[in-house]
There are 2 protein chains.
Amino acid sequence: MSTANKRPTIRDVAAAAGVSRGTVSRVLNGGKWVSPEAHHAVERAIVEVGYVANQHARSLVTSRSNSIAFLLTEPQHLLFEDPNFSVLLRGVAEELSGREMPLLLMVAGTAAERRQITRYVAAGHVDGVLLISSHRGNPIVADLIDHDVPVVACGVPLGFEGRVGYVAADDRSGAVTMTRHLLDRGRTRIATITGPLDTPGGTLRLEGYRQTLGERFDESLVATGDYTRESGRLAMTELLERRPDLDAVFVASDLMAAGALAALQAAGRSVPGDVAVGGFDDSGVAAAMHPALTTMRQPFARISSEMVRLLHEVINGEEPAGITLPTSLVERDST
Amino acid sequence: MSTANKRPTIRDVAAAAGVSRGTVSRVLNGGKWVSPEAHHAVERAIVEVGYVANQHARSLVTSRSNSIAFLLTEPQHLLFEDPNFSVLLRGVAEELSGREMPLLLMVAGTAAERRQITRYVAAGHVDGVLLISSHRGNPIVADLIDHDVPVVACGVPLGFEGRVGYVAADDRSGAVTMTRHLLDRGRTRIATITGPLDTPGGTLRLEGYRQTLGERFDESLVATGDYTRESGRLAMTELLERRPDLDAVFVASDLMAAGALAALQAAGRSVPGDVAVGGFDDSGVAAAMHPALTTMRQPFARISSEMVRLLHEVINGEEPAGITLPTSLVERDST
DNA sequence: GGCTCTACTGTGACCGTGCACAGCCGTACA
DNA sequence: TGTACGGCTGTGCACGGTCACAGTAGAGCC
């Protein structure tokens, strides 16, 4: 429309259909208590005048924004490097596009951003928040809880269990599966590179590993990274120094596994000949590595859709639930 | 607030400050024509009652949403794999958080999504669109132009030049710089792996390469990929078959360069000994490769902020401009 | 015929802002 | 003293919807 005509309103539709505003509104919201003829006339009028509902007017009276936020609270280098965020974001966007609900992206890196976002969200500008936050006791989570904002987290929200809903992969049993897999391959000195221990992926995957090894667990085979590629490289180097006899390593993320692989190759160890390497996530990098990485697949698509579904439940007044989804072993060439 | 109190409105602020709604509104929108005492009283009252403006009510009367959209039109595998999108997205989000403007993420993968997004955007639910679209003649761009939606594209919008604003890295001269760099290194049989030729990064970088080689340009040294890692691997394999004597390759993206590197290593060629490899983007993968990749750095942070700035200009009625930003050579170990 | 009940329709109030307009007051100037 | 004017303030209306409520019409029953 290059003409400066105003956008058609519900009144224009009503006039075109020969009914009242109320009837049009009823058709728009489910169409109950509307006669078939009126229903039909309204629908024809809508396409005829090219009507699109004004979301602001609607939100003003319903005090529902019909939008949700995707809130990132990790330092920015992780967003850059870690493909999991992108995958989740894409999954959520896709899930929401079907419901005609826009997704607002917010990044709470600094304390100032955190305050601003809390204000904005608490003011009711979004109906709920999908939270990507892994570190224990993240203050923005407390802020959101204080303001009664519906929240669903990705991964167990350490320090806020029971107070916010979450969707998580089963980190512990995934680690059990991978550790068993390495044992089955005949490995006896299995090391691990964990994520930060104040994150669920860090602590739960370590627990699964420890629980599987039982008596054989040995502190000297444990190193900790921060989910970056570089930290994986450093941790692997450290492990090789400390325990040159290790013959396998379970790395708590694919990206760190990529770093570990580089360290192993730099040290002249063959994979999987000398050392078997198992990852976690099955993110895009896993299959592209050389050798291709055996890893635990997280069901990201399902995590996305469950997060959206659960958030809608919470928005509609349900108590926040916790959903744990199974992971699966993807065998490739590194074990 | 666990109490069910309603959110404070502009009337509550007016009452608390002992002035009228109009005065509060004036303070909120610039504060002109307000006495210092009134101004001060209103500001105190705002924090006292914890007032946050209702964006929906505001949008309803101003018919401005105070939000913009980040619109992705590429097939989803690119979003997964290509880190450039994430970097841009992060940059834009950061730029906007300073302006207290939310960013809506939309993905137009299918034709249905495209129609839905066009409807939504044309209905005025966002003030403007930051467009990530590279392929020539993308239909959604035509849709947006038809509906007079303010648009700023990332990269020259082939087929719509002059009709939408854009911010782009100087692809052509970046390619010239890299090709010259390879010549300076004493290479004489320099191949190239281009992006799709209906994208600016594909065609302009090829032009810069061709222009620099002049007489020495040879069709048999050109192969085309689609910006994915795998396509880089395939193109490199093809080039090696066709021209086993090549001693350098300029790859139009880092991700394809990663694939090319894998193909070279698989073929037993040393880098940079036998073959020098130059990339484009300086995305996260460049420094992590072995050997670390020499590449042309795109100024992503600046591209983000210029896109936001330019979009605001267009929203405010300025004619859409085109901004071209310089790239810079980052020398590492692959050349 | 009067009553109730169901299925549907129209009307007016209201959501929380911005904005045009009118009004007020004090000062400067004729 | 009257008048014009600039700085500041309050009020009514509009934005485009939803929702509660009242109202209508027909069917079924006594």
# chains A, B, ... in the order shown; residues from 1 in each chain; ligands from 1
>>> interface_residues(of="chain A", to="chain C", cutoff="8 Å", atoms="only C-alpha atoms (C1' of nucleotides)", output="mmCIF file with C-alpha atoms, in the first residue's frame")
data_model
loop_
_atom_site.group_PDB
_atom_site.id
_atom_site.type_symbol
_atom_site.label_atom_id
_atom_site.label_comp_id
_atom_site.auth_asym_id
_atom_site.auth_seq_id
_atom_site.Cartn_x
_atom_site.Cartn_y
_atom_site.Cartn_z
ATOM 1 C CA SER A 20 -21.073 -5.370 15.164
ATOM 2 C CA GLY A 22 -18.456 -7.570 19.303
ATOM 3 C CA THR A 23 -19.251 -10.261 16.794
ATOM 4 C CA TRP A 33 -21.468 -18.129 20.181
ATOM 5 C CA VAL A 34 -21.434 -16.880 16.639
ATOM 6 C CA SER A 35 -23.865 -18.052 13.978
ATOM 7 C CA LEU A 60 -3.622 -3.098 26.439
ATOM 8 C CA VAL A 61 -6.930 -4.554 27.497
ATOM 9 C CA THR A 62 -5.924 -8.153 28.104
#
>>> residues_around(residues="Asp148 of chain A", least_positions_apart="4", cutoff="12 Å", atoms="only C-alpha atoms (C1' of nucleotides)", output="MDAnalysis selection string")
(chainID A and resid 118 121:124 127:129 141:144 163:164 314:315 317 320) or (chainID B and resid 1:4)
>>> residues_around(residues="segment 191-204 of chain B", least_positions_apart="6", cutoff="10 Å", atoms="only C-alpha atoms (C1' of nucleotides)", output="NGL selection string")
:B and (133-137 or 155-159 or 168-175 or 179 or 210 or 217-228 or 231-233 or 235-236 or 239-240 or 243 or 246-253 or 256-257 or 260 or 275-280)
>>> select_by_dssp(residues="segment 216-259 of chain A", states="alpha helix (DSSP H)", output="JSON, numbers by chain")
{"A": [229, 230, 231, 232, 233, 234, 235, 236, 237, 238, 239, 240, 241, 242, 254, 255, 256, 257, 258, 259]}
>>> atom_distance(atom1="atom CA of Leu96 of chain A", atom2="atom CA of Val42 of chain A")
26.6 Å
>>> closest_atom_pairs(of="chain A", to="chain B", cutoff="7 Å", atoms="only C-alpha atoms", output="CSV")
residue,atom,partner,partner_atom,distance
A:Met1,CA,B:His147,CA,5.7
A:Ser2,CA,B:Asp148,CA,7.0
A:Val52,CA,B:Ala123,CA,6.2
A:His56,CA,B:His56,CA,4.7
A:Ala57,CA,B:Leu60,CA,5.8
A:Ser59,CA,B:His56,CA,6.4
A:Leu60,CA,B:His56,CA,5.6
A:Phe80,CA,B:Val87,CA,6.1
A:Glu81,CA,B:Gly284,CA,6.7
A:Pro83,CA,B:Phe80,CA,6.9
A:Ser86,CA,B:Phe80,CA,6.2
A:Val87,CA,B:Phe80,CA,6.1
A:Ala93,CA,B:Met106,CA,6.9
A:Pro102,CA,B:Leu104,CA,6.4
A:Leu103,CA,B:Leu104,CA,5.6
A:Leu104,CA,B:Leu104,CA,4.6
A:Leu105,CA,B:Leu103,CA,5.7
A:Met106,CA,B:Ala93,CA,6.9
A:Val107,CA,B:Ala93,CA,7.0
A:Ala123,CA,B:Val52,CA,6.2
A:Asp146,CA,B:Met1,CA,6.7
A:His147,CA,B:Met1,CA,5.7
A:Asp148,CA,B:Ser2,CA,6.8
A:Gly284,CA,B:Glu81,CA,6.8
>>> write_last_selection(atoms="N, CA and C atoms", output="PDB file, in the first residue's frame")
ATOM      1  N   MET A   1       0.837  -1.193   0.000  1.00  0.00           N
ATOM      2  CA  MET A   1       0.000   0.000   0.000  1.00  0.00           C
ATOM      3  C   MET A   1       0.874   1.246   0.000  1.00  0.00           C
ATOM      4  N   SER A   2       1.062   1.838  -1.121  1.00  0.00           N
ATOM      5  CA  SER A   2       1.826   3.083  -1.075  1.00  0.00           C
ATOM      6  C   SER A   2       0.897   4.248  -0.759  1.00  0.00           C
ATOM      7  N   VAL A  52      -5.571  -6.974   9.905  1.00  0.00           N
ATOM      8  CA  VAL A  52      -4.655  -7.665  10.810  1.00  0.00           C
ATOM      9  C   VAL A  52      -4.844  -7.042  12.184  1.00  0.00           C
ATOM     10  N   HIS A  56      -1.114  -4.319  19.949  1.00  0.00           N
ATOM     11  CA  HIS A  56      -0.943  -3.395  21.074  1.00  0.00           C
ATOM     12  C   HIS A  56      -2.283  -3.098  21.727  1.00  0.00           C
ATOM     13  N   ALA A  57      -3.284  -2.851  20.902  1.00  0.00           N
ATOM     14  CA  ALA A  57      -4.610  -2.582  21.454  1.00  0.00           C
ATOM     15  C   ALA A  57      -5.105  -3.802  22.226  1.00  0.00           C
ATOM     16  N   SER A  59      -3.267  -6.140  23.629  1.00  0.00           N
ATOM     17  CA  SER A  59      -2.490  -6.324  24.853  1.00  0.00           C
ATOM     18  C   SER A  59      -2.907  -5.322  25.920  1.00  0.00           C
ATOM     19  N   LEU A  60      -3.269  -4.142  25.480  1.00  0.00           N
ATOM     20  CA  LEU A  60      -3.622  -3.098  26.439  1.00  0.00           C
ATOM     21  C   LEU A  60      -4.781  -3.547  27.317  1.00  0.00           C
ATOM     22  N   PHE A  80      29.155 -16.864  21.164  1.00  0.00           N
ATOM     23  CA  PHE A  80      29.899 -16.913  19.918  1.00  0.00           C
ATOM     24  C   PHE A  80      30.303 -18.335  19.583  1.00  0.00           C
ATOM     25  N   GLU A  81      30.817 -19.011  20.587  1.00  0.00           N
ATOM     26  CA  GLU A  81      31.497 -20.249  20.285  1.00  0.00           C
ATOM     27  C   GLU A  81      30.583 -21.468  20.349  1.00  0.00           C
ATOM     28  N   PRO A  83      27.739 -23.814  19.768  1.00  0.00           N
ATOM     29  CA  PRO A  83      26.645 -23.948  18.801  1.00  0.00           C
ATOM     30  C   PRO A  83      25.326 -24.336  19.460  1.00  0.00           C
ATOM     31  N   SER A  86      22.677 -21.577  19.503  1.00  0.00           N
ATOM     32  CA  SER A  86      22.050 -21.322  18.213  1.00  0.00           C
ATOM     33  C   SER A  86      20.999 -22.365  17.909  1.00  0.00           C
ATOM     34  N   VAL A  87      21.324 -23.596  18.215  1.00  0.00           N
ATOM     35  CA  VAL A  87      20.398 -24.674  17.911  1.00  0.00           C
ATOM     36  C   VAL A  87      19.121 -24.521  18.730  1.00  0.00           C
ATOM     37  N   ALA A  93      12.434 -20.604  18.052  1.00  0.00           N
ATOM     38  CA  ALA A  93      11.844 -19.689  17.078  1.00  0.00           C
ATOM     39  C   ALA A  93      10.877 -20.437  16.178  1.00  0.00           C
ATOM     40  N   PRO A 102       5.782 -13.762  18.713  1.00  0.00           N
ATOM     41  CA  PRO A 102       7.148 -13.341  18.481  1.00  0.00           C
ATOM     42  C   PRO A 102       8.063 -13.701  19.647  1.00  0.00           C
ATOM     43  N   LEU A 103       9.334 -13.863  19.301  1.00  0.00           N
ATOM     44  CA  LEU A 103      10.350 -14.201  20.298  1.00  0.00           C
ATOM     45  C   LEU A 103      11.271 -13.006  20.478  1.00  0.00           C
ATOM     46  N   LEU A 104      11.392 -12.551  21.716  1.00  0.00           N
ATOM     47  CA  LEU A 104      12.287 -11.429  21.997  1.00  0.00           C
ATOM     48  C   LEU A 104      13.610 -11.963  22.510  1.00  0.00           C
ATOM     49  N   LEU A 105      14.692 -11.487  21.926  1.00  0.00           N
ATOM     50  CA  LEU A 105      16.009 -11.943  22.344  1.00  0.00           C
ATOM     51  C   LEU A 105      16.606 -10.940  23.312  1.00  0.00           C
ATOM     52  N   MET A 106      17.011 -11.381  24.477  1.00  0.00           N
ATOM     53  CA  MET A 106      17.633 -10.472  25.424  1.00  0.00           C
ATOM     54  C   MET A 106      18.925 -11.081  25.939  1.00  0.00           C
ATOM     55  N   VAL A 107      19.908 -10.248  26.114  1.00  0.00           N
ATOM     56  CA  VAL A 107      21.198 -10.702  26.597  1.00  0.00           C
ATOM     57  C   VAL A 107      21.532  -9.941  27.868  1.00  0.00           C
ATOM     58  N   ALA A 123       7.649  -5.528  34.193  1.00  0.00           N
ATOM     59  CA  ALA A 123       6.592  -4.606  33.796  1.00  0.00           C
ATOM     60  C   ALA A 123       5.547  -5.307  32.934  1.00  0.00           C
ATOM     61  N   ASP A 146      11.287 -13.208  42.131  1.00  0.00           N
ATOM     62  CA  ASP A 146      10.723 -12.184  43.013  1.00  0.00           C
ATOM     63  C   ASP A 146       9.565 -11.450  42.352  1.00  0.00           C
ATOM     64  N   HIS A 147       9.639 -11.298  41.050  1.00  0.00           N
ATOM     65  CA  HIS A 147       8.598 -10.550  40.357  1.00  0.00           C
ATOM     66  C   HIS A 147       7.524 -11.451  39.765  1.00  0.00           C
ATOM     67  N   ASP A 148       7.546 -12.716  40.192  1.00  0.00           N
ATOM     68  CA  ASP A 148       6.501 -13.642  39.735  1.00  0.00           C
ATOM     69  C   ASP A 148       6.432 -13.772  38.229  1.00  0.00           C
ATOM     70  N   GLY A 284      27.056 -29.493  16.155  1.00  0.00           N
ATOM     71  CA  GLY A 284      27.528 -29.536  14.776  1.00  0.00           C
ATOM     72  C   GLY A 284      28.984 -29.924  14.616  1.00  0.00           C
TER      73      GLY A 284
END
>>> closest_atom_pairs(of="chain D", to="chain B", cutoff="12 Å", atoms="only C-alpha atoms (C1' of nucleotides)", output="CSV")
residue,atom,partner,partner_atom,distance
D:DG6,C1',B:Trp33,CA,10.7
D:DG7,C1',B:Trp33,CA,7.0
D:DC8,C1',B:Trp33,CA,6.3
D:DT9,C1',B:Thr23,CA,7.1
D:DG10,C1',B:Ser20,CA,6.2
D:DT11,C1',B:Gly22,CA,8.8
D:DG12,C1',B:Gly22,CA,11.5
D:DC13,C1',B:Val61,CA,11.6
D:DA14,C1',B:Val61,CA,7.7
D:DC15,C1',B:Val61,CA,4.6
D:DG16,C1',B:Leu60,CA,7.4
D:DG17,C1',B:Leu60,CA,9.8
>>> closest_residue(among="A:Asn316, A:Glu238, A:Thr177, A:Leu182", to="Met296 of chain A", atoms="only C-alpha atoms")
A:Thr177
>>> select_by_dssp(residues="segment 92-122 of chain B", states="strand (DSSP E or B)", output="ChimeraX atom specification")
/B:103-107
>>> atom_distance(atom1="atom CA of Ala267 of chain A", atom2="atom CA of Arg297 of chain A")
28.0 Å
>>> closest_residue(among="B:Arg269, B:Gly165, B:Leu28, B:Cys154", to="Asp245 of chain B", atoms="only C-alpha atoms")
B:Arg269
